[in-house]
file target-v2.cif (mmCIF, C-alpha atoms)
data_work
loop_
_atom_site.label_atom_id
_atom_site.label_comp_id
_atom_site.auth_asym_id
_atom_site.auth_seq_id
_atom_site.Cartn_x
_atom_site.Cartn_y
_atom_site.Cartn_z
CA MET A 640 36.91 -69.68 136.92
CA ASP A 641 37.87 -66.78 134.66
CA GLN A 642 41.21 -66.33 136.40
CA PHE A 643 41.91 -70.07 136.28
CA ILE A 644 41.39 -70.14 132.50
CA ILE A 645 43.46 -66.99 131.98
CA ASN A 646 46.32 -68.48 134.05
CA ILE A 647 46.42 -71.44 131.66
CA ALA A 648 47.42 -69.08 128.84
CA LYS A 649 50.43 -67.93 130.87
CA GLN A 650 52.04 -71.39 130.74
CA GLY A 651 53.86 -70.89 127.44
CA ASP A 652 52.90 -72.09 123.98
CA LEU A 653 51.27 -75.28 125.23
CA GLY A 654 49.24 -73.28 127.72
CA ILE A 655 47.99 -70.96 124.99
CA ALA A 656 47.04 -73.95 122.83
CA LEU A 657 45.07 -75.46 125.73
CA TYR A 658 43.53 -72.06 126.51
CA THR A 659 42.45 -71.73 122.87
CA LEU A 660 40.90 -75.19 122.89
CA ILE A 661 38.96 -74.51 126.10
CA THR A 662 37.64 -71.13 124.99
CA ILE A 663 36.63 -72.42 121.54
CA VAL A 664 34.73 -75.34 123.07
CA ILE A 665 32.92 -73.06 125.52
CA ALA A 666 32.13 -70.53 122.78
CA SER A 667 30.78 -73.36 120.60
CA ILE A 668 28.49 -74.65 123.34
CA LEU A 669 27.14 -71.23 124.28
CA SER A 670 26.58 -70.06 120.71
CA GLY A 671 25.10 -73.48 119.92
CA ILE A 672 22.36 -72.82 122.47
CA ILE A 673 21.37 -69.63 120.65
CA GLY A 674 21.83 -71.22 117.24
CA PHE A 675 19.64 -74.17 118.19
CA GLU A 676 16.79 -71.82 119.09
CA ARG A 677 17.08 -70.16 115.67
CA GLU A 678 17.43 -73.50 113.86
CA PHE A 679 14.44 -74.97 115.70
CA HIS A 680 12.23 -72.16 114.44
CA GLY A 681 13.40 -72.57 110.84
CA HIS A 682 15.57 -69.47 110.43
CA ALA A 683 18.23 -69.30 107.72
CA ALA A 684 21.12 -68.59 110.10
CA GLY A 685 21.00 -71.57 112.43
CA LEU A 686 23.26 -73.76 114.50
CA ARG A 687 26.33 -73.85 112.23
CA THR A 688 26.33 -70.13 111.45
CA HIS A 689 26.13 -69.06 115.09
CA ILE A 690 28.82 -71.52 116.19
CA LEU A 691 31.22 -70.53 113.40
CA VAL A 692 30.78 -66.84 114.19
CA ALA A 693 31.54 -67.45 117.87
CA ILE A 694 34.57 -69.65 117.14
CA GLY A 695 35.98 -67.09 114.72
CA ALA A 696 35.48 -64.24 117.16
CA SER A 697 37.05 -66.26 119.97
CA ILE A 698 40.21 -67.15 118.05
CA ILE A 699 40.61 -63.59 116.78
CA MET A 700 40.36 -62.26 120.33
CA THR A 701 42.90 -64.82 121.53
CA VAL A 702 45.31 -63.86 118.74
CA SER A 703 44.88 -60.16 119.50
CA ILE A 704 45.83 -60.74 123.15
CA TYR A 705 48.53 -63.43 122.93
CA GLY A 706 49.57 -63.53 119.28
CA PHE A 707 52.10 -60.71 119.44
CA ARG A 708 53.91 -61.60 122.65
CA TYR A 709 57.19 -62.30 120.78
CA THR A 710 57.15 -59.01 118.87
CA ASP A 711 58.28 -55.52 119.78
CA TYR A 712 54.79 -54.03 119.51
CA SER A 713 54.66 -52.61 123.02
CA ASN A 714 51.75 -50.35 122.12
CA ARG A 715 49.52 -53.08 120.66
CA ASP A 716 45.81 -52.70 121.35
CA PRO A 717 43.78 -55.96 121.54
CA ALA A 718 40.57 -53.98 121.24
CA ARG A 719 41.35 -53.02 117.63
CA LEU A 720 40.88 -56.55 116.30
CA ALA A 721 37.78 -56.97 118.45
CA ALA A 722 36.31 -53.82 116.92
CA GLN A 723 36.88 -55.22 113.44
CA VAL A 724 35.07 -58.41 114.43
CA VAL A 725 32.05 -56.45 115.65
CA SER A 726 31.80 -54.41 112.45
CA GLY A 727 32.41 -57.44 110.23
CA ILE A 728 29.68 -59.46 111.92
CA GLY A 729 27.37 -56.50 111.38
CA PHE A 730 27.68 -57.04 107.62
CA LEU A 731 27.08 -60.77 108.06
CA GLY A 732 23.97 -60.12 110.12
CA ALA A 733 22.67 -57.72 107.48
CA GLY A 734 22.47 -60.66 105.09
CA THR A 735 19.78 -62.27 107.24
CA ILE A 736 17.49 -59.22 107.08
CA MET A 737 14.76 -59.24 104.46
CA GLN A 738 12.38 -56.38 103.71
CA THR A 739 9.02 -57.03 102.05
CA GLY A 740 7.14 -53.80 101.61
CA THR A 741 6.86 -52.21 105.04
CA ASN A 742 7.65 -55.47 106.84
CA ILE A 743 11.15 -56.43 107.91
CA LYS A 744 12.17 -59.99 108.74
CA GLY A 745 15.38 -61.35 110.18
CA LEU A 746 16.26 -58.62 112.66
CA THR A 747 16.25 -61.01 115.60
CA THR A 748 18.45 -63.51 113.75
CA ALA A 749 20.84 -60.71 112.78
CA ALA A 750 20.96 -59.68 116.43
CA THR A 751 21.69 -63.24 117.59
CA VAL A 752 24.51 -63.61 115.04
CA TRP A 753 26.01 -60.35 116.30
CA PHE A 754 25.43 -61.47 119.89
CA CYS A 755 27.30 -64.75 119.29
CA GLY A 756 30.21 -62.72 117.99
CA GLY A 757 30.24 -60.96 121.34
CA ILE A 758 30.10 -64.32 123.13
CA GLY A 759 33.11 -65.46 121.13
CA LEU A 760 35.03 -62.30 122.02
CA ALA A 761 34.21 -62.74 125.72
CA CYS A 762 35.37 -66.37 125.67
CA GLY A 763 38.49 -65.46 123.70
CA CYS A 764 39.66 -63.06 126.39
CA GLY A 765 38.79 -65.47 129.21
CA PHE A 766 35.51 -63.95 130.41
CA VAL A 767 33.74 -67.30 130.47
CA ILE A 768 31.42 -66.64 133.43
CA GLU A 769 30.25 -63.40 131.83
CA ALA A 770 29.65 -65.21 128.53
CA ILE A 771 27.57 -67.89 130.27
CA ILE A 772 25.44 -65.28 132.05
CA ALA A 773 24.88 -63.36 128.82
CA THR A 774 23.96 -66.52 126.89
CA LEU A 775 21.44 -67.68 129.47
CA SER A 776 19.92 -64.19 129.57
CA ALA A 777 19.61 -64.07 125.78
CA PHE A 778 18.08 -67.55 125.59
CA VAL A 779 15.48 -66.70 128.22
CA ILE A 780 14.63 -63.48 126.37
CA LEU A 781 14.25 -65.31 123.05
CA VAL A 782 11.95 -67.95 124.53
CA ILE A 783 9.83 -65.71 126.77
CA LEU A 784 9.40 -62.87 124.28
CA ARG A 785 8.44 -65.31 121.53
CA PHE A 786 5.71 -66.61 123.84
CA ILE A 787 4.52 -63.06 124.59
CA GLU A 788 4.56 -62.12 120.90
CA LYS A 789 2.46 -65.15 120.05
CA LYS A 790 -0.06 -64.19 122.72
CA THR A 791 -0.35 -60.58 121.53
CA SER A 792 -0.60 -61.56 117.85
CA LYS A 793 -3.46 -64.01 118.34
CA ARG A 794 -6.06 -61.37 117.52
CA PHE A 795 -4.73 -61.08 113.96
CA PRO A 796 -5.95 -63.50 111.25
CA LYS A 797 -3.42 -65.97 109.88
CA ILE A 798 -3.14 -68.05 106.75
CA ILE A 799 -1.06 -71.18 107.26
CA LEU A 800 0.32 -73.05 104.26
CA VAL A 801 2.41 -76.19 103.92
CA VAL A 802 4.44 -76.06 100.71
CA ASP A 803 7.35 -77.80 99.08
CA GLY A 804 10.67 -76.26 100.06
CA GLU A 805 11.33 -75.25 96.46
CA THR A 806 8.00 -73.48 95.97
CA PRO A 807 8.32 -69.69 95.53
CA ILE A 808 5.68 -68.03 97.67
CA LEU A 809 6.83 -64.57 98.77
CA LYS A 810 6.12 -62.84 95.45
CA GLU A 811 2.72 -64.52 95.11
CA ALA A 812 1.74 -63.69 98.69
CA LEU A 813 2.58 -60.01 98.26
CA ALA A 814 0.90 -59.74 94.85
CA ALA A 815 -2.30 -61.39 96.10
CA ALA A 816 -2.37 -59.12 99.17
CA ASP A 817 -2.13 -56.05 96.94
CA LYS A 818 -4.86 -57.43 94.71
CA TYR A 819 -7.35 -57.69 97.58
CA GLY A 820 -6.21 -54.59 99.45
CA LEU A 821 -4.80 -56.54 102.39
CA THR A 822 -1.82 -55.72 104.59
CA ILE A 823 0.63 -58.42 105.62
CA ARG A 824 1.97 -57.91 109.14
CA ASP A 825 4.39 -60.80 109.16
CA ILE A 826 5.54 -63.84 107.20
CA SER A 827 7.31 -66.63 109.08
CA SER A 828 8.49 -70.07 108.04
CA GLN A 829 9.31 -73.33 109.78
CA ILE A 830 10.86 -76.49 108.37
CA LEU A 831 8.82 -79.64 108.98
CA LYS A 832 8.24 -83.17 107.71
CA TYR A 833 5.02 -83.63 105.73
CA ARG A 834 4.26 -86.96 104.08
CA GLN A 835 7.89 -88.01 104.46
CA LYS A 836 9.10 -84.87 102.65
CA ASP A 837 10.97 -81.80 103.85
CA CYS A 838 8.46 -78.97 103.58
CA LEU A 839 7.95 -75.43 104.77
CA LYS A 840 5.15 -74.28 107.01
CA ILE A 841 4.46 -70.67 106.04
CA THR A 842 2.43 -68.48 108.39
CA VAL A 843 1.13 -65.24 106.89
CA THR A 844 -0.20 -62.86 109.54
CA MET A 845 -2.62 -60.25 108.23
CA ASP A 846 -4.05 -57.00 109.54
CA MET A 847 -7.68 -57.13 110.55
CA SER A 848 -9.79 -57.35 107.37
CA SER A 849 -13.17 -58.55 106.18
CA GLN A 850 -13.81 -62.28 106.13
CA ALA A 851 -14.64 -62.10 102.42
CA ALA A 852 -11.30 -60.51 101.52
CA LEU A 853 -9.37 -63.02 103.62
CA THR A 854 -11.22 -65.95 102.07
CA ALA A 855 -10.57 -64.60 98.57
CA TYR A 856 -6.89 -64.13 99.44
CA SER A 857 -6.67 -67.68 100.75
CA ASP A 858 -8.29 -69.03 97.58
CA GLU A 859 -5.89 -66.99 95.46
CA LEU A 860 -2.88 -68.49 97.25
CA ARG A 861 -4.35 -71.97 96.85
CA SER A 862 -4.59 -71.53 93.07
CA GLN A 863 -1.24 -69.75 92.65
CA VAL A 864 0.98 -71.80 94.96
CA SER A 865 -0.79 -75.20 95.04
CA PRO A 866 0.13 -75.92 98.67
CA PHE A 867 -0.13 -79.37 100.23
CA GLU A 868 -2.32 -77.79 102.88
CA ILE A 869 -3.78 -74.34 103.53
CA LYS A 870 -5.80 -73.06 106.47
CA LEU A 871 -7.36 -69.69 107.26
CA SER A 872 -7.39 -69.02 110.99
CA THR A 873 -9.38 -66.03 112.25
CA ASN A 874 -10.47 -67.25 115.70
CA HIS A 875 -7.66 -67.84 118.21
#

call {"tool": "encode", "arguments": {"input": "target-v2.cif", "output": "structure tokens"}}
result
Amino acid sequence: MDQFIINIAKQGDLGIALYTLITIVIASILSGIIGFEREFHGHAAGLRTHILVAIGASIIMTVSIYGFRYTDYSNRDPARLAAQVVSGIGFLGAGTIMQTGTNIKGLTTAATVWFCGGIGLACGCGFVIEAIIATLSAFVILVILRFIEKKTSKRFPKIILVVDGETPILKEALAAADKYGLTIRDISSQILKYRQKDCLKITVTMDMSSQAALTAYSDELRSQVSPFEIKLSTNH
């Protein structure tokens, strides 16, 4: 299949146009699978971001291979443009990383954005089979490891809030945790419909602490944030 697609690009300008269309479509589908997983779990970089990164990487790779065929650059190196894509996507991925105290969020999303850049590069140079294998492997890892992480984190208490999408909560959650001497292990969010409104489901995972401190923390969040719903879960 790889060789068939690469041979299309050897059929002149029309062949390169068709090759570009095929590789962009494949890159969009593969990156869309990863982007959907991120979008489904409410992460900032979702379907559109991952697809656009893959399309951009694919077209840049195609240009680096076939874009200079009418020039005298006999010593051109297609890998140079690819290297710039990898480093550029690194800066884009850094924008999805958020640090709150000792906790860091967004590393997985940054990795998937960077990964989709690699998928785009693979498609752009005609390595479609390899891109499909890598995408399926990454998707399985994302799904299975999320399941394992949920299982291992069940022993930690959680406070689950449903708030309006415009409600600031991060600052309040951190301040209240400091007030009661609690340590936040993780803060995650998920977009959902609540009473016909777009809301956020915020899950605050805490280190093991006394029931009294957790209850006081939950009450503090209730008064500070005024959530639609709040639940303290200590028995999983």

call {"tool": "closest_residue", "arguments": {"input": "target-v2.cif", "among": "A:Ile672, A:Gly820, A:Ile799, A:Thr662", "to": "Gly685 (chain A)", "atoms": "all atoms listed in the file"}}
result
A:Ile672

call {"tool": "resolve_selection", "arguments": {"input": "target-v2.cif", "expression": "the PyMOL selection byres ((chain A and resi 752-767) around 6)", "output": "ChimeraX atom specification"}}
result
/A:641,645,662,666,670,689,692-694,696-697,700-701,728,749-751,768-770

call {"tool": "residues_around", "arguments": {"input": "target-v2.cif", "residues": "Ser667 (chain A)", "least_positions_apart": "2", "cutoff": "8 Å", "atoms": "all atoms listed in the file", "output": "PyMOL selection string"}}
result
chain A and resi 663-665+669-671+690-691+693-694

call {"tool": "write_last_selection", "arguments": {"input": "target-v2.cif", "atoms": "C-alpha atoms", "output": "PDB file, keeping the file's coordinate frame"}}
result
ATOM      1  CA  ILE A 663      36.630 -72.420 121.540  1.00  0.00           C
ATOM      2  CA  VAL A 664      34.730 -75.340 123.070  1.00  0.00           C
ATOM      3  CA  ILE A 665      32.920 -73.060 125.520  1.00  0.00           C
ATOM      4  CA  LEU A 669      27.140 -71.230 124.280  1.00  0.00           C
ATOM      5  CA  SER A 670      26.580 -70.060 120.710  1.00  0.00           C
ATOM      6  CA  GLY A 671      25.100 -73.480 119.920  1.00  0.00           C
ATOM      7  CA  ILE A 690      28.820 -71.520 116.190  1.00  0.00           C
ATOM      8  CA  LEU A 691      31.220 -70.530 113.400  1.00  0.00           C
ATOM      9  CA  ALA A 693      31.540 -67.450 117.870  1.00  0.00           C
ATOM     10  CA  ILE A 694      34.570 -69.650 117.140  1.00  0.00           C
TER      11      ILE A 694
END

call {"tool": "resolve_selection", "arguments": {"input": "target-v2.cif", "expression": "the PyMOL selection byres ((chain A and resi 798) around 8)", "output": "VMD selection string"}}
result
chain A and resid 796 to 797 799 to 800 842 to 845 857 869 to 872

call {"tool": "closest_residue", "arguments": {"input": "target-v2.cif", "among": "A:Ser827, A:Gln835, A:Thr748, A:Thr806", "to": "Leu686 (chain A)", "atoms": "only C-alpha atoms"}}
result
A:Thr748

call {"tool": "resolve_selection", "arguments": {"input": "target-v2.cif", "expression": "the PyMOL selection byres ((chain A and resi 861) around 12)", "output": "PyMOL selection string"}}
result
chain A and resi 798-802+808+811-812+815+854-860+862-871

call {"tool": "atom_distance", "arguments": {"input": "target-v2.cif", "atom1": "CA of Ile826 (chain A)", "atom2": "CA of Phe730 (chain A)"}}
result
23.2 Å

call {"tool": "atom_distance", "arguments": {"input": "target-v2.cif", "atom1": "CA of Thr747 (chain A)", "atom2": "CA of Leu781 (chain A)"}}
result
8.8 Å

call {"tool": "closest_residue", "arguments": {"input": "target-v2.cif", "among": "A:Ile783, A:Ile644, A:Ile830, A:Cys838", "to": "His682 (chain A)", "atoms": "all atoms listed in the file"}}
result
A:Ile830

call {"tool": "axis_aligned_box", "arguments": {"input": "target-v2.cif", "around": "region 687-693 of chain A", "padding_each_side": "5 Å", "output": "AutoDock Vina command-line options"}}
result
--center_x 28.8 --center_y -70.3 --center_z 114.7 --size_x 15.4 --size_y 17.0 --size_z 16.4

call {"tool": "atom_distance", "arguments": {"input": "target-v2.cif", "atom1": "CA of Phe675 (chain A)", "atom2": "CA of Asp803 (chain A)"}}
result
23.0 Å

call {"tool": "closest_residue", "arguments": {"input": "target-v2.cif", "among": "A:Ile673, A:Leu853, A:Ala722, A:Leu746", "to": "Ala773 (chain A)", "atoms": "all atoms listed in the file"}}
result
A:Ile673

call {"tool": "closest_residue", "arguments": {"input": "target-v2.cif", "among": "A:Arg824, A:Lys649, A:Arg719, A:His680", "to": "Leu839 (chain A)", "atoms": "only C-alpha atoms"}}
result
A:His680

call {"tool": "closest_residue", "arguments": {"input": "target-v2.cif", "among": "A:Ser828, A:Thr659, A:Thr774, A:Thr822", "to": "Val702 (chain A)", "atoms": "all atoms listed in the file"}}
result
A:Thr659
